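Structure file run.csv (CSV, C-alpha atoms) is printed below.
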chain,number,residue,atom,x,y,z
Y,29,MET,CA,36.4,-12.3,50.8
Y,30,ASN,CA,33.0,-12.6,52.5
Y,31,GLY,CA,32.1,-15.8,50.7
Y,32,LYS,CA,29.3,-14.2,48.7
Y,33,THR,CA,29.0,-14.7,45.0
Y,34,ASN,CA,28.1,-11.7,42.8
Y,35,LYS,CA,25.1,-12.4,40.6
Y,36,ALA,CA,23.6,-10.2,37.8
Y,37,ILE,CA,20.3,-8.7,38.9
Y,38,GLU,CA,17.6,-9.6,36.4
Y,39,LYS,CA,14.4,-7.6,36.2
Y,40,PRO,CA,11.4,-10.0,36.5
Y,41,LYS,CA,9.4,-10.4,33.4
Y,42,SER,CA,5.9,-9.0,33.2
Y,43,LYS,CA,2.9,-11.3,33.0
Y,44,ALA,CA,2.4,-10.2,29.4
Y,45,GLY,CA,6.0,-10.9,28.6
Y,46,LEU,CA,5.8,-14.4,30.2
Y,47,TRP,CA,2.6,-15.1,28.3
Y,48,LEU,CA,4.0,-14.0,25.0
Y,49,GLU,CA,7.2,-16.1,25.6
Y,50,ASN,CA,5.1,-19.1,26.4
Y,51,TYR,CA,2.8,-18.6,23.5
Y,52,TRP,CA,5.6,-18.3,21.0
Y,53,TYR,CA,7.3,-21.4,22.4
Y,54,HIS,CA,4.2,-23.5,22.0
Y,55,TYR,CA,2.5,-22.0,18.9
Y,56,LYS,CA,5.4,-20.4,16.9
Y,57,TRP,CA,4.9,-22.6,13.8
Y,58,VAL,CA,1.1,-22.4,13.9
Y,59,THR,CA,1.3,-18.7,14.1
Y,60,LEU,CA,3.7,-18.5,11.1
Y,61,LEU,CA,1.5,-20.9,9.1
Y,62,VAL,CA,-1.6,-18.8,9.7
Y,63,ALA,CA,0.3,-15.6,8.7
Y,64,PHE,CA,1.5,-17.3,5.5
Y,65,LEU,CA,-2.0,-18.6,4.7
Y,66,LEU,CA,-3.4,-15.1,5.3
Y,67,ILE,CA,-0.9,-13.6,2.9
Y,68,VAL,CA,-1.6,-16.3,0.3
Y,69,GLY,CA,-5.4,-15.6,0.7
Y,70,VAL,CA,-4.9,-11.9,0.1
Y,71,ILE,CA,-2.8,-12.4,-3.0
Y,72,CYS,CA,-5.2,-15.0,-4.5
Y,73,THR,CA,-8.3,-12.9,-3.8
Y,74,VAL,CA,-6.8,-9.7,-5.2
Y,75,GLN,CA,-5.4,-11.5,-8.2
Y,76,ALA,CA,-8.8,-13.2,-8.9
Y,77,VAL,CA,-10.6,-9.9,-8.7
Y,78,GLN,CA,-8.1,-8.0,-10.9
Y,79,ASN,CA,-7.6,-10.7,-13.5
Y,80,ASN,CA,-11.3,-11.3,-14.0
Y,81,SER,CA,-12.8,-7.9,-13.7
Y,82,TYR,CA,-10.5,-4.9,-13.9
Y,83,ASP,CA,-8.2,-3.3,-16.5
Y,84,SER,CA,-6.5,-1.4,-13.7
Y,85,TYR,CA,-6.3,-1.7,-9.9
Y,86,ILE,CA,-5.1,1.5,-8.2
Y,87,MET,CA,-4.5,2.1,-4.5
Y,88,TYR,CA,-4.9,5.4,-2.6
Y,89,ALA,CA,-3.8,5.3,1.0
Y,90,GLY,CA,-3.5,8.3,3.2
Y,91,PRO,CA,-5.3,10.7,5.6
Y,92,CYS,CA,-8.1,11.7,3.1
Y,93,GLN,CA,-11.3,9.8,3.9
Y,94,LEU,CA,-12.9,9.7,0.5
Y,95,SER,CA,-16.7,9.6,0.0
Y,96,HIS,CA,-18.2,7.1,-2.5
Y,97,LYS,CA,-18.8,10.0,-5.0
Y,98,GLU,CA,-15.1,11.1,-4.7
Y,99,VAL,CA,-13.9,7.5,-5.4
Y,100,LEU,CA,-16.1,7.4,-8.5
Y,101,ASP,CA,-14.8,10.8,-9.6
Y,102,ILE,CA,-11.2,9.5,-9.3
Y,103,GLU,CA,-12.1,6.5,-11.3
Y,104,LYS,CA,-13.5,8.8,-14.1
Y,105,ASP,CA,-10.1,10.6,-14.2
Y,106,PHE,CA,-8.3,7.3,-14.7
Y,107,TYR,CA,-10.6,6.4,-17.7
Y,108,SER,CA,-8.5,9.0,-19.6
Y,109,VAL,CA,-5.3,7.0,-19.2
Y,110,VAL,CA,-6.4,3.3,-18.8
Y,111,GLU,CA,-6.9,1.2,-21.9
Y,112,ASP,CA,-9.1,-1.9,-22.4
Y,113,LYS,CA,-6.9,-4.7,-21.2
Y,114,ASP,CA,-9.0,-7.7,-22.1
Y,115,GLY,CA,-10.6,-6.4,-25.3
Y,116,ASP,CA,-14.2,-6.6,-24.1
Y,117,GLY,CA,-14.9,-3.1,-25.3
Y,118,LYS,CA,-15.1,-1.6,-21.7
Y,119,VAL,CA,-12.6,-0.1,-19.4
Y,120,ASN,CA,-13.0,-1.3,-15.8
Y,121,ILE,CA,-11.1,0.4,-13.0
Y,122,ALA,CA,-11.0,-0.4,-9.3
Y,123,ILE,CA,-9.8,2.2,-6.7
Y,124,ARG,CA,-8.6,0.6,-3.5
Y,125,GLU,CA,-8.8,3.4,-0.8
Y,126,LEU,CA,-7.4,3.0,2.7
Y,127,PHE,CA,-7.8,5.8,5.3
Y,128,ILE,CA,-4.5,5.8,7.3
Y,129,MET,CA,-3.1,8.7,9.4
Y,130,SER,CA,0.5,8.9,10.5
Y,131,PRO,CA,1.3,9.4,14.2
Y,132,GLU,CA,2.0,13.1,13.5
Y,133,GLU,CA,-1.3,13.5,11.7
Y,134,ILE,CA,-3.2,11.9,14.6
Y,135,SER,CA,-1.5,14.2,17.1
Y,136,GLU,CA,-2.8,17.2,15.0
Y,137,VAL,CA,-6.4,16.2,15.1
Y,138,GLU,CA,-8.5,19.2,16.1
Y,139,GLU,CA,-9.6,19.5,19.7
Y,140,GLY,CA,-13.0,17.9,20.2
Y,141,TYR,CA,-12.3,15.2,17.6
Y,142,GLU,CA,-10.7,11.8,18.1
Y,143,ALA,CA,-9.0,9.6,15.5
Y,144,ASN,CA,-10.5,6.2,14.9
Y,145,TYR,CA,-7.4,4.2,16.1
Y,146,THR,CA,-9.0,0.8,15.4
Y,147,LEU,CA,-9.8,1.7,11.8
Y,148,ILE,CA,-6.4,3.2,11.2
Y,149,SER,CA,-4.6,0.1,12.7
Y,150,ASP,CA,-6.7,-2.3,10.7
Y,151,ASN,CA,-6.2,-0.4,7.4
Y,152,LEU,CA,-2.4,-0.2,8.0
Y,153,LYS,CA,-2.4,-4.0,8.2
Y,154,LEU,CA,-4.4,-4.2,5.0
Y,155,PHE,CA,-2.0,-1.7,3.4
Y,156,ASP,CA,1.0,-3.9,4.3
Y,157,GLN,CA,-0.7,-7.0,3.0
Y,158,GLU,CA,-1.7,-5.3,-0.3
Y,159,ILE,CA,1.8,-3.9,-0.8
Y,160,LEU,CA,3.2,-7.3,-0.2
Y,161,SER,CA,0.9,-8.8,-2.8
Y,162,GLY,CA,2.0,-6.2,-5.3
Y,163,GLU,CA,-1.3,-6.1,-7.2
Y,164,ALA,CA,-1.6,-2.3,-7.1
Y,165,THR,CA,1.2,-1.2,-9.4
Y,166,ILE,CA,0.0,2.4,-9.4
Y,167,CYS,CA,0.0,3.8,-5.9
Y,168,LEU,CA,-1.1,7.3,-4.6
Y,169,LEU,CA,0.3,7.5,-1.1
Y,170,SER,CA,0.8,9.9,1.8
Y,171,PRO,CA,4.5,10.7,2.5
Y,172,PHE,CA,4.3,8.5,5.7
Y,173,LEU,CA,3.2,5.4,3.8
Y,174,PHE,CA,5.5,6.2,0.8
Y,175,GLU,CA,8.5,6.2,3.1
Y,176,ARG,CA,7.3,3.0,4.8
Y,177,VAL,CA,7.5,1.1,1.4
Y,178,ALA,CA,10.5,3.0,-0.1
Y,179,GLU,CA,12.6,1.9,2.9
Y,180,ALA,CA,12.0,-1.7,1.9
Y,181,ASP,CA,12.9,-0.9,-1.8
Y,182,GLY,CA,9.3,-1.6,-2.9
Y,183,PHE,CA,9.1,1.0,-5.7
Y,184,LEU,CA,10.6,1.4,-9.2
Y,185,PRO,CA,12.6,4.6,-10.0
Y,186,ILE,CA,10.0,7.0,-11.3
Y,187,GLY,CA,12.3,9.0,-13.5
Y,188,GLU,CA,12.3,6.6,-16.4
Y,189,TYR,CA,8.5,7.1,-16.9
Y,190,VAL,CA,8.3,10.9,-16.5
Y,191,ASN,CA,9.5,11.5,-20.1
Y,192,GLY,CA,10.6,15.1,-19.7
Y,193,ALA,CA,7.4,16.3,-18.0
Y,194,GLU,CA,7.9,19.1,-15.5
Y,195,VAL,CA,7.1,17.6,-12.1
Y,196,GLU,CA,8.2,17.8,-8.5
Y,197,TYR,CA,10.1,14.7,-7.5
Y,198,PHE,CA,9.9,13.1,-4.1
Y,199,GLY,CA,13.2,11.4,-3.9
Y,200,GLU,CA,14.1,8.8,-6.5
Y,201,TYR,CA,10.8,6.8,-6.4
Y,202,GLY,CA,8.0,9.3,-6.3
Y,203,VAL,CA,6.5,12.4,-7.8
Y,204,LYS,CA,4.2,14.9,-6.2
Y,205,LEU,CA,0.8,14.1,-7.8
Y,206,SER,CA,-0.4,17.7,-7.6
Y,207,SER,CA,2.6,18.8,-9.7
Y,208,THR,CA,1.4,16.7,-12.7
Y,209,VAL,CA,-1.3,17.7,-15.2
Y,210,PHE,CA,-3.1,14.4,-14.4
Y,211,GLY,CA,-3.1,15.2,-10.6
Y,212,ASN,CA,-5.1,18.4,-11.2
Y,213,MET,CA,-8.1,16.7,-12.8
Y,214,PRO,CA,-11.4,17.2,-11.0
Y,215,GLY,CA,-11.5,13.9,-9.1
Y,216,LEU,CA,-7.8,13.6,-8.1
Y,217,SER,CA,-7.6,17.3,-7.0
Y,218,VAL,CA,-9.5,16.4,-3.8
Y,219,LEU,CA,-6.5,14.4,-2.6
Y,220,PRO,CA,-4.0,16.1,-0.2
Y,221,ASP,CA,-1.4,18.3,-1.9
Y,222,ASP,CA,1.5,16.1,-0.7
Y,223,THR,CA,0.0,12.9,-2.2
Y,224,ILE,CA,2.8,10.9,-4.0
Y,225,LEU,CA,2.5,9.0,-7.2
Y,226,CYS,CA,4.7,6.0,-7.2
Y,227,VAL,CA,5.1,2.6,-9.0
Y,228,ARG,CA,5.3,-0.7,-7.2
Y,229,ARG,CA,7.8,-3.3,-8.2
Y,230,VAL,CA,6.6,-6.6,-9.5
Y,231,SER,CA,5.8,-8.6,-6.4
Y,232,THR,CA,8.1,-11.7,-5.9
Y,233,ILE,CA,5.4,-13.4,-3.9
Y,234,ALA,CA,2.7,-12.8,-6.4
Y,235,SER,CA,5.0,-14.1,-9.2
Y,236,LEU,CA,5.2,-17.4,-7.4
Y,237,PHE,CA,1.5,-18.0,-8.1
Y,238,ASP,CA,1.2,-16.8,-11.6
Y,239,LYS,CA,4.4,-15.2,-12.9
Y,240,LYS,CA,3.2,-14.7,-16.5
Y,241,GLN,CA,-0.1,-13.0,-15.6
Y,242,THR,CA,1.5,-11.0,-12.8
Y,243,GLU,CA,4.2,-9.6,-15.2
Y,244,LYS,CA,1.6,-8.9,-17.9
Y,245,ASN,CA,-0.6,-6.9,-15.5
Y,246,HIS,CA,2.4,-5.0,-14.2
Y,247,ALA,CA,3.5,-4.1,-17.8
Y,248,LEU,CA,0.0,-2.9,-18.7
Y,249,ASN,CA,-0.1,-0.6,-15.6
Y,250,ILE,CA,3.3,0.7,-16.5
Y,251,GLU,CA,1.8,1.8,-19.8
Y,252,THR,CA,-0.8,3.7,-17.9
Y,253,VAL,CA,1.8,5.4,-15.8
Y,254,LYS,CA,3.6,6.5,-19.0
Y,255,ARG,CA,0.3,8.0,-20.4
Y,256,ILE,CA,-0.2,9.9,-17.1
Y,257,PHE,CA,3.0,11.8,-17.7
Y,258,GLU,CA,2.2,12.4,-21.4
Y,259,MET,CA,-0.8,14.5,-20.5
Y,260,ASP,CA,-0.5,18.2,-21.3

Exercise: express the given structure as structure tokens:
Amino acid sequence: MNGKTNKAIEKPKSKAGLWLENYWYHYKWVTLLVAFLLIVGVICTVQAVQNNSYDSYIMYAGPCQLSHKEVLDIEKDFYSVVEDKDGDGKVNIAIRELFIMSPEEISEVEEGYEANYTLISDNLKLFDQEILSGEATICLLSPFLFERVAEADGFLPIGEYVNGAEVEYFGEYGVKLSSTVFGNMPGLSVLPDDTILCVRRVSTIASLFDKKQTEKNHALNIETVKRIFEMD
């Protein structure tokens, strides 16, 4: 024996790694608290908007960057299936649209053009927050975003609402919007052909704040989904 002791060779941590480790050690609980408050703020804001103003709150998220006119045209299509929730004699609809491209879609951007990475990143964070809040029961999503939520069991099985309509399924939880009569209406027809219609589960987090109202809004949106599949 040469008297030497074998030691495991450790790769020195980068400055960024050391900074992150130090930050997390000192500010872990502050960071978690801020994240929690941010989620609460999103839920309360969206609930206040929906409960006071809209009969239906619908989210589109995907690679189609809609113009203001196109959003209004999609709203018009939904007037045919959304009923007056609060009995004020008017149907008020809100379309939440988020421009988000998948990594594959970004890589296919035409030469001479560049994806807006900052916008896409910010919108993806907003998407995750809104899915967590669960206010948008009716979702129109790209396959990339659909899979992101489906993997976390965020949707209800779509089959129980289809009611015998001839549609193209996307797994257990989605239907290809363009395969429905509703999806071929003038406004909705501008969305990509692979856009998926899906139904968000009741959000557990949103229910903590106002379970009765959350479940009522969800049930009313389910009725809208049923009317979508009754169109012929």

**Prompt:** Hey, which of Y:Tyr82, Y:Ala164, Y:Gln241, Y:Ala247 ends up closest to Lys118 in chain Y? Count only C-alpha atoms.
**Reply:** Y:Tyr82

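Remark: residues at most 7 Å from position (4.0, 15.2, -8.6) in file coordinates are Val195, Glu196, Tyr197, Val203, Lys204, Leu205, Ser206, Ser207, Thr208, Ile224 and Leu225 of chain Y, using all atoms listed in the file.
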
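CA of Val99 in chain Y is found 27.5 Å from CA of Gly187 in chain Y.
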
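Non-sequential neighbours of range 83-94 of chain Y (distance at most 6 Å, separation of 5 or more positions within a chain, all atoms listed in the file) are Lys113, Asn120, Ile121, Ala122, Ile123, Arg124, Glu125, Leu126, Phe127, Ile128, Met129, Ala164, Ile166, Cys167, Leu168, Leu169 and Ser170 of chain Y.
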
**Request:** Go ahead and compute the interatomic distance for CA of Gly215 in chain Y and CA of Ser95 in chain Y, in Å to one decimal.
**Result:** 11.3 Å

Pull out range 101-113 of chain Y, keep all heavy atoms, and write it as a PDB file, in the first residue's frame.
ATOM      1  N   ASP Y 101     -64.769  36.961 -34.063  1.00  0.00           N
ATOM      2  CA  ASP Y 101     -65.493  36.002 -34.901  1.00  0.00           C
ATOM      3  C   ASP Y 101     -65.688  34.669 -34.159  1.00  0.00           C
ATOM      4  O   ASP Y 101     -66.742  34.029 -34.282  1.00  0.00           O
ATOM      5  CB  ASP Y 101     -64.735  35.757 -36.207  1.00  0.00           C
ATOM      6  CG  ASP Y 101     -64.809  36.951 -37.156  1.00  0.00           C
ATOM      7  OD1 ASP Y 101     -65.721  37.790 -36.967  1.00  0.00           O
ATOM      8  OD2 ASP Y 101     -63.968  37.044 -38.063  1.00  0.00           O
ATOM      9  N   ILE Y 102     -64.681  34.252 -33.388  1.00  0.00           N
ATOM     10  CA  ILE Y 102     -64.799  33.027 -32.608  1.00  0.00           C
ATOM     11  C   ILE Y 102     -65.854  33.205 -31.509  1.00  0.00           C
ATOM     12  O   ILE Y 102     -66.654  32.305 -31.239  1.00  0.00           O
ATOM     13  CB  ILE Y 102     -63.434  32.620 -32.007  1.00  0.00           C
ATOM     14  CG1 ILE Y 102     -62.493  32.170 -33.133  1.00  0.00           C
ATOM     15  CG2 ILE Y 102     -63.596  31.503 -30.971  1.00  0.00           C
ATOM     16  CD1 ILE Y 102     -61.077  31.883 -32.673  1.00  0.00           C
ATOM     17  N   GLU Y 103     -65.861  34.384 -30.898  1.00  0.00           N
ATOM     18  CA  GLU Y 103     -66.889  34.690 -29.895  1.00  0.00           C
ATOM     19  C   GLU Y 103     -68.285  34.548 -30.501  1.00  0.00           C
ATOM     20  O   GLU Y 103     -69.198  33.974 -29.889  1.00  0.00           O
ATOM     21  CB  GLU Y 103     -66.705  36.101 -29.352  1.00  0.00           C
ATOM     22  CG  GLU Y 103     -65.550  36.257 -28.390  1.00  0.00           C
ATOM     23  CD  GLU Y 103     -65.440  37.663 -27.843  1.00  0.00           C
ATOM     24  OE1 GLU Y 103     -66.413  38.434 -27.977  1.00  0.00           O
ATOM     25  OE2 GLU Y 103     -64.391  38.006 -27.283  1.00  0.00           O
ATOM     26  N   LYS Y 104     -68.457  35.057 -31.722  1.00  0.00           N
ATOM     27  CA  LYS Y 104     -69.755  34.980 -32.398  1.00  0.00           C
ATOM     28  C   LYS Y 104     -70.192  33.533 -32.576  1.00  0.00           C
ATOM     29  O   LYS Y 104     -71.365  33.201 -32.416  1.00  0.00           O
ATOM     30  CB  LYS Y 104     -69.689  35.685 -33.749  1.00  0.00           C
ATOM     31  CG  LYS Y 104     -69.582  37.201 -33.658  1.00  0.00           C
ATOM     32  CD  LYS Y 104     -69.485  37.815 -35.051  1.00  0.00           C
ATOM     33  CE  LYS Y 104     -69.319  39.322 -34.984  1.00  0.00           C
ATOM     34  NZ  LYS Y 104     -69.155  39.923 -36.341  1.00  0.00           N
ATOM     35  N   ASP Y 105     -69.236  32.649 -32.912  1.00  0.00           N
ATOM     36  CA  ASP Y 105     -69.568  31.234 -33.072  1.00  0.00           C
ATOM     37  C   ASP Y 105     -70.090  30.647 -31.763  1.00  0.00           C
ATOM     38  O   ASP Y 105     -71.029  29.843 -31.753  1.00  0.00           O
ATOM     39  CB  ASP Y 105     -68.336  30.451 -33.540  1.00  0.00           C
ATOM     40  CG  ASP Y 105     -67.945  30.761 -34.976  1.00  0.00           C
ATOM     41  OD1 ASP Y 105     -68.752  31.408 -35.677  1.00  0.00           O
ATOM     42  OD2 ASP Y 105     -66.846  30.368 -35.386  1.00  0.00           O
ATOM     43  N   PHE Y 106     -69.490  31.044 -30.654  1.00  0.00           N
ATOM     44  CA  PHE Y 106     -69.889  30.502 -29.359  1.00  0.00           C
ATOM     45  C   PHE Y 106     -71.252  31.021 -28.908  1.00  0.00           C
ATOM     46  O   PHE Y 106     -71.901  30.392 -28.063  1.00  0.00           O
ATOM     47  CB  PHE Y 106     -68.824  30.788 -28.301  1.00  0.00           C
ATOM     48  CG  PHE Y 106     -67.767  29.723 -28.219  1.00  0.00           C
ATOM     49  CD1 PHE Y 106     -66.577  29.853 -28.929  1.00  0.00           C
ATOM     50  CD2 PHE Y 106     -67.967  28.586 -27.450  1.00  0.00           C
ATOM     51  CE1 PHE Y 106     -65.604  28.870 -28.878  1.00  0.00           C
ATOM     52  CE2 PHE Y 106     -67.004  27.588 -27.388  1.00  0.00           C
ATOM     53  CZ  PHE Y 106     -65.815  27.721 -28.100  1.00  0.00           C
ATOM     54  N   TYR Y 107     -71.693  32.137 -29.463  1.00  0.00           N
ATOM     55  CA  TYR Y 107     -73.033  32.629 -29.121  1.00  0.00           C
ATOM     56  C   TYR Y 107     -74.111  31.608 -29.448  1.00  0.00           C
ATOM     57  O   TYR Y 107     -75.180  31.591 -28.831  1.00  0.00           O
ATOM     58  CB  TYR Y 107     -73.336  33.937 -29.865  1.00  0.00           C
ATOM     59  CG  TYR Y 107     -72.619  35.148 -29.311  1.00  0.00           C
ATOM     60  CD1 TYR Y 107     -72.016  36.072 -30.166  1.00  0.00           C
ATOM     61  CD2 TYR Y 107     -72.557  35.375 -27.946  1.00  0.00           C
ATOM     62  CE1 TYR Y 107     -71.353  37.188 -29.674  1.00  0.00           C
ATOM     63  CE2 TYR Y 107     -71.892  36.485 -27.445  1.00  0.00           C
ATOM     64  CZ  TYR Y 107     -71.292  37.392 -28.306  1.00  0.00           C
ATOM     65  OH  TYR Y 107     -70.641  38.475 -27.800  1.00  0.00           O
ATOM     66  N   SER Y 108     -73.835  30.735 -30.413  1.00  0.00           N
ATOM     67  CA  SER Y 108     -74.841  29.755 -30.831  1.00  0.00           C
ATOM     68  C   SER Y 108     -74.982  28.590 -29.850  1.00  0.00           C
ATOM     69  O   SER Y 108     -75.937  27.815 -29.938  1.00  0.00           O
ATOM     70  CB  SER Y 108     -74.485  29.203 -32.223  1.00  0.00           C
ATOM     71  OG  SER Y 108     -73.243  28.525 -32.195  1.00  0.00           O
ATOM     72  N   VAL Y 109     -74.029  28.459 -28.907  1.00  0.00           N
ATOM     73  CA  VAL Y 109     -74.089  27.331 -27.968  1.00  0.00           C
ATOM     74  C   VAL Y 109     -74.063  27.752 -26.498  1.00  0.00           C
ATOM     75  O   VAL Y 109     -74.314  26.929 -25.610  1.00  0.00           O
ATOM     76  CB  VAL Y 109     -72.929  26.333 -28.224  1.00  0.00           C
ATOM     77  CG1 VAL Y 109     -73.130  25.610 -29.541  1.00  0.00           C
ATOM     78  CG2 VAL Y 109     -71.574  27.026 -28.184  1.00  0.00           C
ATOM     79  N   VAL Y 110     -73.761  29.019 -26.216  1.00  0.00           N
ATOM     80  CA  VAL Y 110     -73.696  29.500 -24.828  1.00  0.00           C
ATOM     81  C   VAL Y 110     -75.015  30.170 -24.458  1.00  0.00           C
ATOM     82  O   VAL Y 110     -75.536  30.989 -25.211  1.00  0.00           O
ATOM     83  CB  VAL Y 110     -72.525  30.498 -24.639  1.00  0.00           C
ATOM     84  CG1 VAL Y 110     -72.546  31.066 -23.220  1.00  0.00           C
ATOM     85  CG2 VAL Y 110     -71.195  29.813 -24.911  1.00  0.00           C
ATOM     86  N   GLU Y 111     -75.545  29.817 -23.294  1.00  0.00           N
ATOM     87  CA  GLU Y 111     -76.794  30.402 -22.833  1.00  0.00           C
ATOM     88  C   GLU Y 111     -76.549  31.479 -21.782  1.00  0.00           C
ATOM     89  O   GLU Y 111     -75.472  31.558 -21.185  1.00  0.00           O
ATOM     90  CB  GLU Y 111     -77.700  29.300 -22.262  1.00  0.00           C
ATOM     91  CG  GLU Y 111     -78.178  28.318 -23.323  1.00  0.00           C
ATOM     92  CD  GLU Y 111     -79.189  27.325 -22.772  1.00  0.00           C
ATOM     93  OE1 GLU Y 111     -79.320  27.241 -21.520  1.00  0.00           O
ATOM     94  OE2 GLU Y 111     -79.843  26.636 -23.570  1.00  0.00           O
ATOM     95  N   ASP Y 112     -77.556  32.289 -21.557  1.00  0.00           N
ATOM     96  CA  ASP Y 112     -77.492  33.376 -20.572  1.00  0.00           C
ATOM     97  C   ASP Y 112     -77.433  32.787 -19.165  1.00  0.00           C
ATOM     98  O   ASP Y 112     -78.407  32.232 -18.668  1.00  0.00           O
ATOM     99  CB  ASP Y 112     -78.718  34.277 -20.731  1.00  0.00           C
ATOM    100  CG  ASP Y 112     -78.753  35.422 -19.737  1.00  0.00           C
ATOM    101  OD1 ASP Y 112     -77.713  35.689 -19.100  1.00  0.00           O
ATOM    102  OD2 ASP Y 112     -79.815  36.040 -19.594  1.00  0.00           O
ATOM    103  N   LYS Y 113     -76.276  32.891 -18.515  1.00  0.00           N
ATOM    104  CA  LYS Y 113     -76.062  32.259 -17.222  1.00  0.00           C
ATOM    105  C   LYS Y 113     -76.754  32.991 -16.079  1.00  0.00           C
ATOM    106  O   LYS Y 113     -77.343  32.379 -15.191  1.00  0.00           O
ATOM    107  CB  LYS Y 113     -74.550  32.189 -16.940  1.00  0.00           C
ATOM    108  CG  LYS Y 113     -74.188  31.581 -15.601  1.00  0.00           C
ATOM    109  CD  LYS Y 113     -72.680  31.523 -15.417  1.00  0.00           C
ATOM    110  CE  LYS Y 113     -72.085  32.889 -15.189  1.00  0.00           C
ATOM    111  NZ  LYS Y 113     -70.635  32.847 -14.899  1.00  0.00           N
TER     112      LYS Y 113
END
